[in-house]
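Source file: final_9.cif; contents: mmCIF, C-alpha atoms.
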data_data
loop_
_atom_site.group_PDB
_atom_site.id
_atom_site.type_symbol
_atom_site.label_atom_id
_atom_site.label_comp_id
_atom_site.auth_asym_id
_atom_site.auth_seq_id
_atom_site.Cartn_x
_atom_site.Cartn_y
_atom_site.Cartn_z
ATOM 1 C CA MET Y 1 142.204 149.737 268.111
ATOM 2 C CA SER Y 2 143.928 148.186 271.130
ATOM 3 C CA ARG Y 3 144.831 144.507 271.279
ATOM 4 C CA ARG Y 4 142.458 144.063 274.244
ATOM 5 C CA THR Y 5 139.532 145.577 272.297
ATOM 6 C CA LEU Y 6 140.288 143.395 269.262
ATOM 7 C CA LEU Y 7 140.398 140.213 271.353
ATOM 8 C CA ALA Y 8 137.152 141.162 273.065
ATOM 9 C CA GLY Y 9 135.470 141.611 269.666
ATOM 10 C CA VAL Y 10 136.713 138.254 268.432
ATOM 11 C CA ALA Y 11 135.462 136.590 271.617
ATOM 12 C CA LEU Y 12 132.047 138.179 271.134
ATOM 13 C CA LEU Y 13 131.828 136.950 267.560
ATOM 14 C CA LEU Y 14 132.861 133.448 268.551
ATOM 15 C CA SER Y 15 130.383 133.314 271.402
ATOM 16 C CA GLY Y 16 127.624 134.505 269.048
ATOM 17 C CA ALA Y 17 128.488 131.856 266.441
ATOM 18 C CA GLY Y 18 128.601 129.179 269.112
ATOM 19 C CA GLY Y 19 125.267 130.304 270.505
ATOM 20 C CA TYR Y 20 123.690 130.181 267.031
ATOM 21 C CA ALA Y 21 125.010 126.687 266.388
ATOM 22 C CA GLN Y 22 123.691 125.602 269.757
ATOM 23 C CA THR Y 23 120.264 127.016 268.886
ATOM 24 C CA ALA Y 24 120.260 125.114 265.578
ATOM 25 C CA ASP Y 25 121.281 121.914 267.368
ATOM 26 C CA LYS Y 26 118.370 122.228 269.800
ATOM 27 C CA TYR Y 27 115.833 123.129 267.101
ATOM 28 C CA PRO Y 28 112.935 122.919 267.586
ATOM 29 C CA ASP Y 29 112.430 123.498 271.290
ATOM 30 C CA LYS Y 30 108.974 125.122 271.033
ATOM 31 C CA PRO Y 31 105.865 124.892 268.782
ATOM 32 C CA ILE Y 32 106.169 125.844 265.110
ATOM 33 C CA ARG Y 33 103.633 127.980 263.283
ATOM 34 C CA LEU Y 34 102.758 126.884 259.739
ATOM 35 C CA VAL Y 35 101.003 129.764 257.965
ATOM 36 C CA VAL Y 36 98.401 128.790 255.373
ATOM 37 C CA PRO Y 37 97.691 131.876 253.221
ATOM 38 C CA PHE Y 38 94.152 130.709 252.386
ATOM 39 C CA PRO Y 39 90.936 130.171 254.375
ATOM 40 C CA PRO Y 40 90.243 127.087 256.521
ATOM 41 C CA GLY Y 41 88.585 124.141 254.839
ATOM 42 C CA GLY Y 42 90.068 124.569 251.363
ATOM 43 C CA PRO Y 43 92.427 122.090 249.656
ATOM 44 C CA THR Y 44 95.582 123.932 250.761
ATOM 45 C CA ASP Y 45 94.393 124.088 254.367
ATOM 46 C CA VAL Y 46 93.427 120.399 254.462
ATOM 47 C CA PHE Y 47 96.789 119.352 252.994
ATOM 48 C CA ALA Y 48 98.650 121.512 255.505
ATOM 49 C CA ARG Y 49 96.748 119.961 258.408
ATOM 50 C CA VAL Y 50 97.530 116.433 257.229
ATOM 51 C CA LEU Y 51 101.207 117.334 256.869
ATOM 52 C CA SER Y 52 101.324 119.139 260.220
ATOM 53 C CA VAL Y 53 100.490 115.936 262.096
ATOM 54 C CA GLY Y 54 103.360 114.065 260.463
ATOM 55 C CA LEU Y 55 105.728 116.995 260.955
ATOM 56 C CA ALA Y 56 104.887 117.189 264.646
ATOM 57 C CA GLU Y 57 105.743 113.513 265.034
ATOM 58 C CA GLN Y 58 109.075 113.975 263.273
ATOM 59 C CA LEU Y 59 110.096 117.190 265.044
ATOM 60 C CA GLY Y 60 108.766 116.411 268.503
ATOM 61 C CA GLN Y 61 106.943 119.733 268.696
ATOM 62 C CA GLN Y 62 103.422 120.873 267.946
ATOM 63 C CA VAL Y 63 102.910 122.360 264.463
ATOM 64 C CA ILE Y 64 100.139 124.935 264.643
ATOM 65 C CA ILE Y 65 98.187 125.891 261.514
ATOM 66 C CA ASP Y 66 97.623 129.646 261.208
ATOM 67 C CA ASN Y 67 95.269 130.705 258.396
ATOM 68 C CA LYS Y 68 96.114 134.187 257.090
ATOM 69 C CA ALA Y 69 93.998 134.574 253.965
ATOM 70 C CA GLY Y 70 93.688 137.522 251.613
ATOM 71 C CA ALA Y 71 94.759 138.948 248.256
ATOM 72 C CA GLY Y 72 95.209 135.618 246.537
ATOM 73 C CA GLY Y 73 97.539 134.340 249.247
ATOM 74 C CA ASN Y 74 99.678 137.479 249.382
ATOM 75 C CA VAL Y 75 98.706 138.531 252.934
ATOM 76 C CA GLY Y 76 99.945 135.409 254.684
ATOM 77 C CA THR Y 77 102.921 135.035 252.384
ATOM 78 C CA GLU Y 78 104.122 138.574 253.061
ATOM 79 C CA MET Y 79 103.775 137.983 256.796
ATOM 80 C CA VAL Y 80 106.097 134.976 256.669
ATOM 81 C CA ALA Y 81 108.549 136.789 254.401
ATOM 82 C CA LYS Y 82 108.919 139.426 257.121
ATOM 83 C CA ALA Y 83 108.991 137.001 260.059
ATOM 84 C CA LYS Y 84 112.056 136.180 262.139
ATOM 85 C CA ALA Y 85 114.288 133.674 260.351
ATOM 86 C CA ASP Y 86 114.477 131.212 263.226
ATOM 87 C CA GLY Y 87 112.490 128.279 261.810
ATOM 88 C CA TYR Y 88 109.438 128.834 264.002
ATOM 89 C CA THR Y 89 107.311 130.596 261.386
ATOM 90 C CA LEU Y 90 106.899 128.689 258.136
ATOM 91 C CA LEU Y 91 104.725 129.072 255.043
ATOM 92 C CA PHE Y 92 102.697 126.486 253.197
ATOM 93 C CA GLY Y 93 103.112 128.080 249.783
ATOM 94 C CA THR Y 94 101.217 127.284 246.595
ATOM 95 C CA ALA Y 95 101.406 127.600 242.829
ATOM 96 C CA ALA Y 96 99.673 130.946 243.319
ATOM 97 C CA THR Y 97 101.959 132.451 245.964
ATOM 98 C CA HIS Y 98 105.200 131.138 244.466
ATOM 99 C CA GLY Y 99 104.401 130.637 240.789
ATOM 100 C CA ILE Y 100 101.628 132.838 239.414
ATOM 101 C CA ASN Y 101 101.204 135.922 241.607
ATOM 102 C CA VAL Y 102 104.575 137.424 240.738
ATOM 103 C CA SER Y 103 103.356 137.728 237.133
ATOM 104 C CA ILE Y 104 99.687 138.501 237.593
ATOM 105 C CA TYR Y 105 99.882 141.273 240.211
ATOM 106 C CA ASP Y 106 101.289 144.656 239.234
ATOM 107 C CA SER Y 107 102.875 144.960 242.676
ATOM 108 C CA LEU Y 108 103.767 142.082 244.983
ATOM 109 C CA PRO Y 109 104.781 142.711 248.626
ATOM 110 C CA TYR Y 110 107.333 139.901 248.592
ATOM 111 C CA ASP Y 111 109.716 138.123 246.218
ATOM 112 C CA PRO Y 112 108.937 134.383 245.973
ATOM 113 C CA LEU Y 113 112.631 133.543 245.561
ATOM 114 C CA LYS Y 114 114.662 136.240 247.327
ATOM 115 C CA ASP Y 115 112.496 136.449 250.445
ATOM 116 C CA PHE Y 116 112.359 132.714 251.199
ATOM 117 C CA GLU Y 117 114.388 129.621 251.885
ATOM 118 C CA LEU Y 118 112.487 126.963 249.940
ATOM 119 C CA VAL Y 119 112.500 123.951 252.242
ATOM 120 C CA ALA Y 120 110.638 121.223 250.369
ATOM 121 C CA LEU Y 121 108.224 120.505 247.551
ATOM 122 C CA THR Y 122 105.429 118.524 249.179
ATOM 123 C CA GLY Y 123 102.794 117.593 246.614
ATOM 124 C CA LEU Y 124 101.578 117.917 243.038
ATOM 125 C CA VAL Y 125 97.953 118.238 241.952
ATOM 126 C CA PRO Y 126 97.570 118.058 238.165
ATOM 127 C CA MET Y 127 94.587 119.785 236.614
ATOM 128 C CA VAL Y 128 91.915 117.607 235.034
ATOM 129 C CA LEU Y 129 89.639 118.672 232.180
ATOM 130 C CA LEU Y 130 86.040 118.176 233.302
ATOM 131 C CA VAL Y 131 82.804 118.195 231.325
ATOM 132 C CA PRO Y 132 79.154 117.562 232.262
ATOM 133 C CA PRO Y 133 77.685 114.215 231.164
ATOM 134 C CA ASP Y 134 75.977 115.661 228.078
ATOM 135 C CA GLN Y 135 79.199 117.028 226.540
ATOM 136 C CA PRO Y 136 81.605 115.009 224.337
ATOM 137 C CA ARG Y 137 83.603 112.524 226.398
ATOM 138 C CA THR Y 138 86.882 112.647 224.472
ATOM 139 C CA LEU Y 139 89.233 115.578 224.014
ATOM 140 C CA LYS Y 140 89.169 115.432 220.212
ATOM 141 C CA GLU Y 141 85.360 115.407 220.144
ATOM 142 C CA LEU Y 142 85.153 118.292 222.609
ATOM 143 C CA ILE Y 143 87.579 120.420 220.592
ATOM 144 C CA ALA Y 144 85.674 119.652 217.385
ATOM 145 C CA LYS Y 145 82.394 120.742 218.977
ATOM 146 C CA LEU Y 146 83.854 123.966 220.378
ATOM 147 C CA ARG Y 147 85.445 124.832 217.026
ATOM 148 C CA ALA Y 148 82.137 124.219 215.250
ATOM 149 C CA GLU Y 149 80.322 126.652 217.561
ATOM 150 C CA PRO Y 150 82.711 129.558 218.201
ATOM 151 C CA GLY Y 151 81.703 131.971 220.950
ATOM 152 C CA LYS Y 152 78.711 129.889 222.015
ATOM 153 C CA TRP Y 153 80.210 128.065 224.976
ATOM 154 C CA SER Y 154 81.776 129.147 228.275
ATOM 155 C CA TYR Y 155 84.210 127.643 230.732
ATOM 156 C CA GLY Y 156 84.420 128.339 234.450
ATOM 157 C CA SER Y 157 87.178 128.971 236.950
ATOM 158 C CA SER Y 158 87.559 129.728 240.645
ATOM 159 C CA GLY Y 159 88.495 133.328 239.810
ATOM 160 C CA ASN Y 160 90.615 135.594 237.649
ATOM 161 C CA GLY Y 161 94.288 134.705 237.709
ATOM 162 C CA THR Y 162 93.774 131.291 239.297
ATOM 163 C CA THR Y 163 95.448 128.138 238.035
ATOM 164 C CA ASN Y 164 92.286 126.788 236.443
ATOM 165 C CA HIS Y 165 91.608 130.136 234.745
ATOM 166 C CA LEU Y 166 95.078 130.175 233.193
ATOM 167 C CA ALA Y 167 94.776 126.505 232.245
ATOM 168 C CA GLY Y 168 91.588 127.388 230.374
ATOM 169 C CA GLU Y 169 93.274 130.268 228.559
ATOM 170 C CA LEU Y 170 96.164 128.028 227.572
ATOM 171 C CA PHE Y 171 93.671 125.448 226.320
ATOM 172 C CA LYS Y 172 91.913 128.075 224.179
ATOM 173 C CA THR Y 173 95.190 128.907 222.468
ATOM 174 C CA ARG Y 174 96.510 125.376 222.096
ATOM 175 C CA ALA Y 175 93.189 123.898 220.937
ATOM 176 C CA GLY Y 176 92.252 126.874 218.765
ATOM 177 C CA VAL Y 177 88.799 127.362 220.272
ATOM 178 C CA ASP Y 178 86.732 130.479 220.968
ATOM 179 C CA VAL Y 179 85.113 130.162 224.395
ATOM 180 C CA VAL Y 180 84.191 132.681 227.094
ATOM 181 C CA HIS Y 181 85.765 132.677 230.556
ATOM 182 C CA VAL Y 182 83.349 132.940 233.501
ATOM 183 C CA PRO Y 183 85.111 133.562 236.850
ATOM 184 C CA TYR Y 184 83.452 132.391 240.081
ATOM 185 C CA ARG Y 185 84.200 132.872 243.764
ATOM 186 C CA GLY Y 186 85.798 129.482 244.242
ATOM 187 C CA SER Y 187 85.614 126.107 242.535
ATOM 188 C CA GLY Y 188 82.413 125.029 244.280
ATOM 189 C CA PRO Y 189 79.987 127.406 242.516
ATOM 190 C CA ALA Y 190 81.731 126.839 239.176
ATOM 191 C CA LEU Y 191 81.428 123.059 239.521
ATOM 192 C CA GLN Y 192 77.730 123.436 240.340
ATOM 193 C CA ASP Y 193 77.132 125.325 237.095
ATOM 194 C CA LEU Y 194 79.262 122.821 235.201
ATOM 195 C CA MET Y 195 77.176 119.914 236.485
ATOM 196 C CA ALA Y 196 74.020 121.864 235.563
ATOM 197 C CA GLY Y 197 75.267 122.174 231.969
ATOM 198 C CA ARG Y 198 75.680 125.947 232.044
ATOM 199 C CA LEU Y 199 79.380 125.572 231.199
ATOM 200 C CA ALA Y 200 81.018 123.471 228.506
ATOM 201 C CA PHE Y 201 84.090 122.515 230.531
ATOM 202 C CA MET Y 202 86.333 123.437 233.416
ATOM 203 C CA PHE Y 203 89.815 122.636 234.647
ATOM 204 C CA ASP Y 204 90.090 121.672 238.291
ATOM 205 C CA SER Y 205 91.860 119.245 240.605
ATOM 206 C CA PHE Y 206 90.796 115.706 241.432
ATOM 207 C CA GLY Y 207 90.667 116.803 245.058
ATOM 208 C CA THR Y 208 87.608 119.008 244.514
ATOM 209 C CA SER Y 209 85.881 116.972 241.799
ATOM 210 C CA LEU Y 210 86.595 113.304 242.556
ATOM 211 C CA GLU Y 211 83.284 112.591 244.287
ATOM 212 C CA GLN Y 212 81.301 114.139 241.429
ATOM 213 C CA ILE Y 213 83.312 112.077 238.925
ATOM 214 C CA LYS Y 214 82.651 108.882 240.879
ATOM 215 C CA ALA Y 215 78.950 109.730 241.041
ATOM 216 C CA GLY Y 216 78.771 110.265 237.273
ATOM 217 C CA LYS Y 217 77.862 113.936 237.633
ATOM 218 C CA LEU Y 218 81.062 114.961 235.828
ATOM 219 C CA HIS Y 219 83.307 113.250 233.314
ATOM 220 C CA ALA Y 220 87.111 113.520 233.426
ATOM 221 C CA VAL Y 221 88.296 113.929 229.832
ATOM 222 C CA ALA Y 222 92.063 114.188 230.366
ATOM 223 C CA ILE Y 223 94.647 115.040 233.001
ATOM 224 C CA MET Y 224 97.263 117.786 232.481
ATOM 225 C CA ALA Y 225 100.258 115.610 233.385
ATOM 226 C CA ASP Y 226 103.120 113.621 231.884
ATOM 227 C CA LYS Y 227 101.744 110.396 233.325
ATOM 228 C CA ARG Y 228 98.404 109.064 234.471
ATOM 229 C CA SER Y 229 97.281 109.713 238.016
ATOM 230 C CA GLN Y 230 97.334 106.988 240.662
ATOM 231 C CA ILE Y 231 93.995 108.370 241.788
ATOM 232 C CA ARG Y 232 92.211 107.740 238.459
ATOM 233 C CA PRO Y 233 94.494 105.708 236.179
ATOM 234 C CA ASP Y 234 91.597 105.312 233.729
ATOM 235 C CA VAL Y 235 91.834 109.007 232.767
ATOM 236 C CA PRO Y 236 94.268 109.609 229.866
ATOM 237 C CA THR Y 237 96.881 112.330 229.879
ATOM 238 C CA THR Y 238 96.333 115.298 227.575
ATOM 239 C CA ALA Y 239 99.136 113.996 225.346
ATOM 240 C CA GLU Y 240 97.448 110.601 225.061
ATOM 241 C CA ALA Y 241 94.147 112.357 224.341
ATOM 242 C CA GLY Y 242 95.644 114.374 221.476
ATOM 243 C CA LEU Y 243 97.090 117.579 222.974
ATOM 244 C CA PRO Y 244 100.829 117.131 223.668
ATOM 245 C CA ASP Y 245 102.938 119.422 225.866
ATOM 246 C CA PHE Y 246 99.882 120.564 227.807
ATOM 247 C CA VAL Y 247 100.926 120.043 231.419
ATOM 248 C CA GLY Y 248 100.048 122.025 234.516
ATOM 249 C CA GLY Y 249 98.500 122.042 237.938
ATOM 250 C CA THR Y 250 98.817 123.209 241.483
ATOM 251 C CA TRP Y 251 101.478 122.309 244.021
ATOM 252 C CA ASN Y 252 102.615 123.147 247.526
ATOM 253 C CA VAL Y 253 105.922 124.008 249.148
ATOM 254 C CA VAL Y 254 107.122 124.516 252.692
ATOM 255 C CA ALA Y 255 109.122 127.751 252.891
ATOM 256 C CA ALA Y 256 110.933 129.672 255.613
ATOM 257 C CA PRO Y 257 111.974 133.340 255.746
ATOM 258 C CA ALA Y 258 115.188 134.165 253.910
ATOM 259 C CA GLY Y 259 118.193 133.895 256.199
ATOM 260 C CA THR Y 260 117.003 130.792 258.035
ATOM 261 C CA SER Y 261 120.099 128.693 258.719
ATOM 262 C CA THR Y 262 120.999 125.811 256.409
ATOM 263 C CA GLU Y 263 120.984 123.508 259.455
ATOM 264 C CA ILE Y 264 117.377 124.332 260.282
ATOM 265 C CA VAL Y 265 116.313 124.162 256.637
ATOM 266 C CA GLY Y 266 117.969 120.749 256.343
ATOM 267 C CA ARG Y 267 116.268 119.525 259.513
ATOM 268 C CA LEU Y 268 112.893 120.666 258.203
ATOM 269 C CA ASN Y 269 113.464 119.153 254.763
ATOM 270 C CA ALA Y 270 114.262 115.754 256.266
ATOM 271 C CA ALA Y 271 111.200 115.956 258.527
ATOM 272 C CA VAL Y 272 108.879 116.877 255.643
ATOM 273 C CA ASN Y 273 110.129 114.066 253.396
ATOM 274 C CA THR Y 274 109.912 111.489 256.186
ATOM 275 C CA ALA Y 275 106.409 112.595 257.133
ATOM 276 C CA LEU Y 276 105.242 112.325 253.515
ATOM 277 C CA ARG Y 277 106.640 108.784 253.253
ATOM 278 C CA GLU Y 278 104.354 107.588 256.042
ATOM 279 C CA ALA Y 279 101.758 105.235 254.562
ATOM 280 C CA LYS Y 280 98.843 106.822 256.419
ATOM 281 C CA VAL Y 281 99.842 110.298 255.186
ATOM 282 C CA GLY Y 282 100.292 109.116 251.593
ATOM 283 C CA GLU Y 283 96.920 107.376 251.580
ATOM 284 C CA ARG Y 284 95.144 110.434 252.974
ATOM 285 C CA LEU Y 285 96.760 112.650 250.331
ATOM 286 C CA ARG Y 286 95.719 110.280 247.549
ATOM 287 C CA GLN Y 287 92.146 110.562 248.801
ATOM 288 C CA LEU Y 288 92.515 114.332 248.428
ATOM 289 C CA GLY Y 289 93.839 114.026 244.877
ATOM 290 C CA ILE Y 290 97.403 114.944 245.882
ATOM 291 C CA GLU Y 291 100.494 113.098 244.704
ATOM 292 C CA ALA Y 292 103.081 113.393 247.471
ATOM 293 C CA VAL Y 293 106.677 114.342 246.675
ATOM 294 C CA THR Y 294 108.941 112.508 249.120
ATOM 295 C CA ASP Y 295 112.453 113.161 247.832
ATOM 296 C CA SER Y 296 112.793 116.914 247.299
ATOM 297 C CA THR Y 297 115.778 118.923 248.489
ATOM 298 C CA PRO Y 298 115.987 122.679 249.077
ATOM 299 C CA ALA Y 299 117.979 122.963 245.842
ATOM 300 C CA SER Y 300 115.547 120.895 243.753
ATOM 301 C CA THR Y 301 112.597 122.811 245.245
ATOM 302 C CA ARG Y 302 114.140 126.138 244.294
ATOM 303 C CA ALA Y 303 114.837 124.899 240.753
ATOM 304 C CA PHE Y 304 111.226 123.687 240.482
ATOM 305 C CA VAL Y 305 109.803 127.029 241.644
ATOM 306 C CA GLU Y 306 112.070 128.967 239.253
ATOM 307 C CA ALA Y 307 110.826 126.842 236.340
ATOM 308 C CA GLU Y 308 107.193 127.279 237.405
ATOM 309 C CA ILE Y 309 107.550 131.064 237.631
ATOM 310 C CA ALA Y 310 108.922 131.130 234.083
ATOM 311 C CA LYS Y 311 106.171 128.834 232.792
ATOM 312 C CA TRP Y 312 103.307 130.770 234.367
ATOM 313 C CA ARG Y 313 104.810 134.109 233.342
ATOM 314 C CA ALA Y 314 104.566 133.020 229.703
ATOM 315 C CA ILE Y 315 100.969 131.830 230.170
ATOM 316 C CA VAL Y 316 99.926 135.045 231.958
ATOM 317 C CA LYS Y 317 101.455 137.123 229.162
ATOM 318 C CA MET Y 318 99.665 135.070 226.536
ATOM 319 C CA ALA Y 319 96.335 135.324 228.383
ATOM 320 C CA GLY Y 320 96.748 139.021 229.208
ATOM 321 C CA ALA Y 321 95.547 138.307 232.761
ATOM 322 C CA LYS Y 322 96.228 140.959 235.387
ATOM 323 C CA ILE Y 323 95.048 141.806 238.894
ATOM 324 C CA ASP Y 324 95.578 145.348 240.160
#
Using structure tokens, write down the structure from this file.
Amino acid sequence: MSRRTLLAGVALLLSGAGGYAQTADKYPDKPIRLVVPFPPGGPTDVFARVLSVGLAEQLGQQVIIDNKAGAGGNVGTEMVAKAKADGYTLLFGTAATHGINVSIYDSLPYDPLKDFELVALTGLVPMVLLVPPDQPRTLKELIAKLRAEPGKWSYGSSGNGTTNHLAGELFKTRAGVDVVHVPYRGSGPALQDLMAGRLAFMFDSFGTSLEQIKAGKLHAVAIMADKRSQIRPDVPTTAEAGLPDFVGGTWNVVAAPAGTSTEIVGRLNAAVNTALREAKVGERLRQLGIEAVTDSTPASTRAFVEAEIAKWRAIVKMAGAKID
């Protein structure tokens, strides 16, 4: 190789590096697409839309919600995993896409860790144990009733392999009860049957059940969390109610395709945290039953997701739940 050729190659590399840094410095200079891998109108979609407004204010660019539903969130998630790593296509991931699906599907078209830069953990939604008004109103009384009548009662979920299904299976094991799982197409139909007394109990989020709780149509027995919720501080934790180490729920993360620069990831992380600290955003999320996380880092988000994958893998194995 001649000296002239070598110098030309070095110059090309340097110009490319400089151009990349310049691009990162100017980021973002056009609208950003935030892919929601679930249908419009659901809890994940509503949360993403609330966050998108705050993000747009912080970044100075429009943040466009793009719903790409299908296969338990896998369709939209795969699309982002394969998108250009330039910070303009992001994912609003969930406990399903980045915690459960890797264990419950025989084949997953993406890797929740290797295929993404995990930008920020945005919110936590603990599960709450719900019963209709005519069922026992304490956890100990409910467990005693279910044990006394094995096989008689059912619990509902929003579908096989969902968070509330797996929470119910974990409850069966931990509480030592024999109940039948009834999967529905979404939380709405399951909650309707729960309120009608066709089900003994159900695990769901405050976001989808808060109005029914306030109206007295459902009773919140206990929340699957380490501490009481700001939304309903009158509801005891499962540990307080008599079932320790029974914690779980849904959550959301902002993720970018693997290879997105650390500068862009850092810019996005700061924007997400700042947006979530806004009082109007926090209040809206509380109304939705979401507890905002305002201090995550890319490293802490990755550690959280790794721990969640391990936790749900153990629960899926115990429940024997699989989706082909």
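For the atom pair formed by CA of Val128 (chain Y) and CA of Phe203 (chain Y), the distance is 5.5 Å, given to one decimal.
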Practice problem: Could you tell me which of Y:Ser52, Y:Asn269, Y:Thr44, Y:Thr122 comes closest to Ser205 (chain Y) if we count all atoms listed in the file? | Solution: Y:Thr44
Self-check item: Explicit residues for the PyMOL selection byres ((chain Y and resi 214-228) around 8) (as an NGL selection string)
Solution: :Y and (126-133 or 137-139 or 195 or 209-213 or 229-230 or 232-239 or 241 or 246-249)
Quiz item: For Val293 (chain Y), which residue out of Y:Val36, Y:Asn164, Y:Leu51, Y:Leu113 is the nearest one, using only C-alpha atoms?
Solution: Y:Leu51
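Shortest separation to Pro183 (chain Y) among Y:Gly156, Y:Gly197, Y:Gly161, Y:Gly54 occurs at residue Y:Gly156, atoms counted being all atoms listed in the file.
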Exercise. Using CA of Ala319 (chain Y) and CA of Leu170 (chain Y) as the two end points, give the distance in Å to one decimal.
Key: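 Separation of CA of Ala319 (chain Y) and CA of Leu170 (chain Y): 7.3 Å.
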Practice problem: Select, from Y:Gly320, Y:Pro257, Y:Pro28, Y:Gly207, the residue with the minimum atom-to-atom distance to Lys114 (chain Y), counting only C-alpha atoms. | Solution: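 Going through Y:Gly320, Y:Pro257, Y:Pro28, Y:Gly207 one by one, the smallest distance to Lys114 (chain Y) is for Y:Pro257.
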Do a neighbour search on Ile315 (chain Y) at 12 Å with only C-alpha atoms, toss out local chain neighbours closer than 2 positions, and write the hits as a CSV table (one decimal) with C-alpha atoms, in the coordinates of the input.
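Resulting contents of part-v7.csv:
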chain,number,residue,atom,x,y,z
Y,99,GLY,CA,104.4,130.6,240.8
Y,100,ILE,CA,101.6,132.8,239.4
Y,103,SER,CA,103.4,137.7,237.1
Y,104,ILE,CA,99.7,138.5,237.6
Y,161,GLY,CA,94.3,134.7,237.7
Y,162,THR,CA,93.8,131.3,239.3
Y,163,THR,CA,95.4,128.1,238.0
Y,164,ASN,CA,92.3,126.8,236.4
Y,165,HIS,CA,91.6,130.1,234.7
Y,166,LEU,CA,95.1,130.2,233.2
Y,167,ALA,CA,94.8,126.5,232.2
Y,168,GLY,CA,91.6,127.4,230.4
Y,169,GLU,CA,93.3,130.3,228.6
Y,170,LEU,CA,96.2,128.0,227.6
Y,171,PHE,CA,93.7,125.4,226.3
Y,172,LYS,CA,91.9,128.1,224.2
Y,173,THR,CA,95.2,128.9,222.5
Y,174,ARG,CA,96.5,125.4,222.1
Y,246,PHE,CA,99.9,120.6,227.8
Y,247,VAL,CA,100.9,120.0,231.4
Y,248,GLY,CA,100.0,122.0,234.5
Y,308,GLU,CA,107.2,127.3,237.4
Y,309,ILE,CA,107.6,131.1,237.6
Y,310,ALA,CA,108.9,131.1,234.1
Y,311,LYS,CA,106.2,128.8,232.8
Y,312,TRP,CA,103.3,130.8,234.4
Y,313,ARG,CA,104.8,134.1,233.3
Y,317,LYS,CA,101.5,137.1,229.2
Y,318,MET,CA,99.7,135.1,226.5
Y,319,ALA,CA,96.3,135.3,228.4
Y,320,GLY,CA,96.7,139.0,229.2
Y,321,ALA,CA,95.5,138.3,232.8
Y,322,LYS,CA,96.2,141.0,235.4
Quiz prompt | Non-local contacts of region 67-78 of chain Y (6 Å; all atoms listed in the file; under 4 positions in same chain excluded) as a PyMOL selection string | solution = chain Y and resi 35-39+97+110
Could you list, as a compact mmCIF listing (two decimals) with C-alpha atoms, in the frame of the given file, every residue within 9 Å of Asp115 (chain Y), counting only C-alpha atoms and ignoring same-chain residues fewer than 6 positions away?
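Below is the file result-v3.txt, written as the result:
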# COMPACT_ATOMS: atom_id res chain seq x y z
CA ALA Y 81 108.55 136.79 254.40
CA LYS Y 82 108.92 139.43 257.12
CA ALA Y 256 110.93 129.67 255.61
CA PRO Y 257 111.97 133.34 255.75
CA ALA Y 258 115.19 134.16 253.91
CA GLY Y 259 118.19 133.90 256.20
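Picture a line from CA of Phe47 (chain Y) to CA of Asp111 (chain Y); it runs 23.8 Å.
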Evaluate the PyMOL selection byres ((chain Y and resi 263) around 12) on the structure here and hand back the selected residues as an mmCIF file with C-alpha atoms, in the coordinates of the input.
data_model
loop_
_atom_site.group_PDB
_atom_site.id
_atom_site.type_symbol
_atom_site.label_atom_id
_atom_site.label_comp_id
_atom_site.auth_asym_id
_atom_site.auth_seq_id
_atom_site.Cartn_x
_atom_site.Cartn_y
_atom_site.Cartn_z
ATOM 1 C CA TYR Y 20 123.690 130.181 267.031
ATOM 2 C CA ALA Y 21 125.010 126.687 266.388
ATOM 3 C CA GLN Y 22 123.691 125.602 269.757
ATOM 4 C CA THR Y 23 120.264 127.016 268.886
ATOM 5 C CA ALA Y 24 120.260 125.114 265.578
ATOM 6 C CA ASP Y 25 121.281 121.914 267.368
ATOM 7 C CA LYS Y 26 118.370 122.228 269.800
ATOM 8 C CA TYR Y 27 115.833 123.129 267.101
ATOM 9 C CA PRO Y 28 112.935 122.919 267.586
ATOM 10 C CA ASP Y 86 114.477 131.212 263.226
ATOM 11 C CA GLY Y 87 112.490 128.279 261.810
ATOM 12 C CA GLU Y 117 114.388 129.621 251.885
ATOM 13 C CA VAL Y 119 112.500 123.951 252.242
ATOM 14 C CA GLY Y 259 118.193 133.895 256.199
ATOM 15 C CA THR Y 260 117.003 130.792 258.035
ATOM 16 C CA SER Y 261 120.099 128.693 258.719
ATOM 17 C CA THR Y 262 120.999 125.811 256.409
ATOM 18 C CA ILE Y 264 117.377 124.332 260.282
ATOM 19 C CA VAL Y 265 116.313 124.162 256.637
ATOM 20 C CA GLY Y 266 117.969 120.749 256.343
ATOM 21 C CA ARG Y 267 116.268 119.525 259.513
ATOM 22 C CA LEU Y 268 112.893 120.666 258.203
ATOM 23 C CA ASN Y 269 113.464 119.153 254.763
ATOM 24 C CA ALA Y 270 114.262 115.754 256.266
ATOM 25 C CA PRO Y 298 115.987 122.679 249.077
#
Exercise. Pick out the closest residue to Gly188 (chain Y) from this set: Y:Ala279, Y:Phe206, Y:Ser157, Y:Gly60. Count all atoms listed in the file.
Key: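 Counting all atoms listed in the file, the residue closest to Gly188 (chain Y) is Y:Ser157.
Nearest residue to Ala196 (chain Y), choosing from Y:Glu141, Y:Asn160, Y:Asp134, Y:Ala96 and counting all atoms listed in the file: Y:Asp134.
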Exercise. Excluding Ser300 (chain Y) and residues on its chain fewer than 5 positions from it, collect all residues at most 10 Å away from it, counting only C-alpha atoms, and give them as a ChimeraX atom specification.
Key: /Y:118-121,295,305-306
Practice problem: Name the residues that the PyMOL selection byres ((chain Y and resi 276) around 9) pulls out of this structure, and write them as a PyMOL selection string. | Solution: chain Y and resi 51+54-55+122+271-275+277-282+292-294
Practice problem: Please provide as a ChimeraX atom specification all residues within 8 Å of Gly186 (chain Y), with the sequence filter that same-chain residues fewer than 3 positions apart are discarded (counting all atoms listed in the file). | Solution: /Y:157-159,189-190
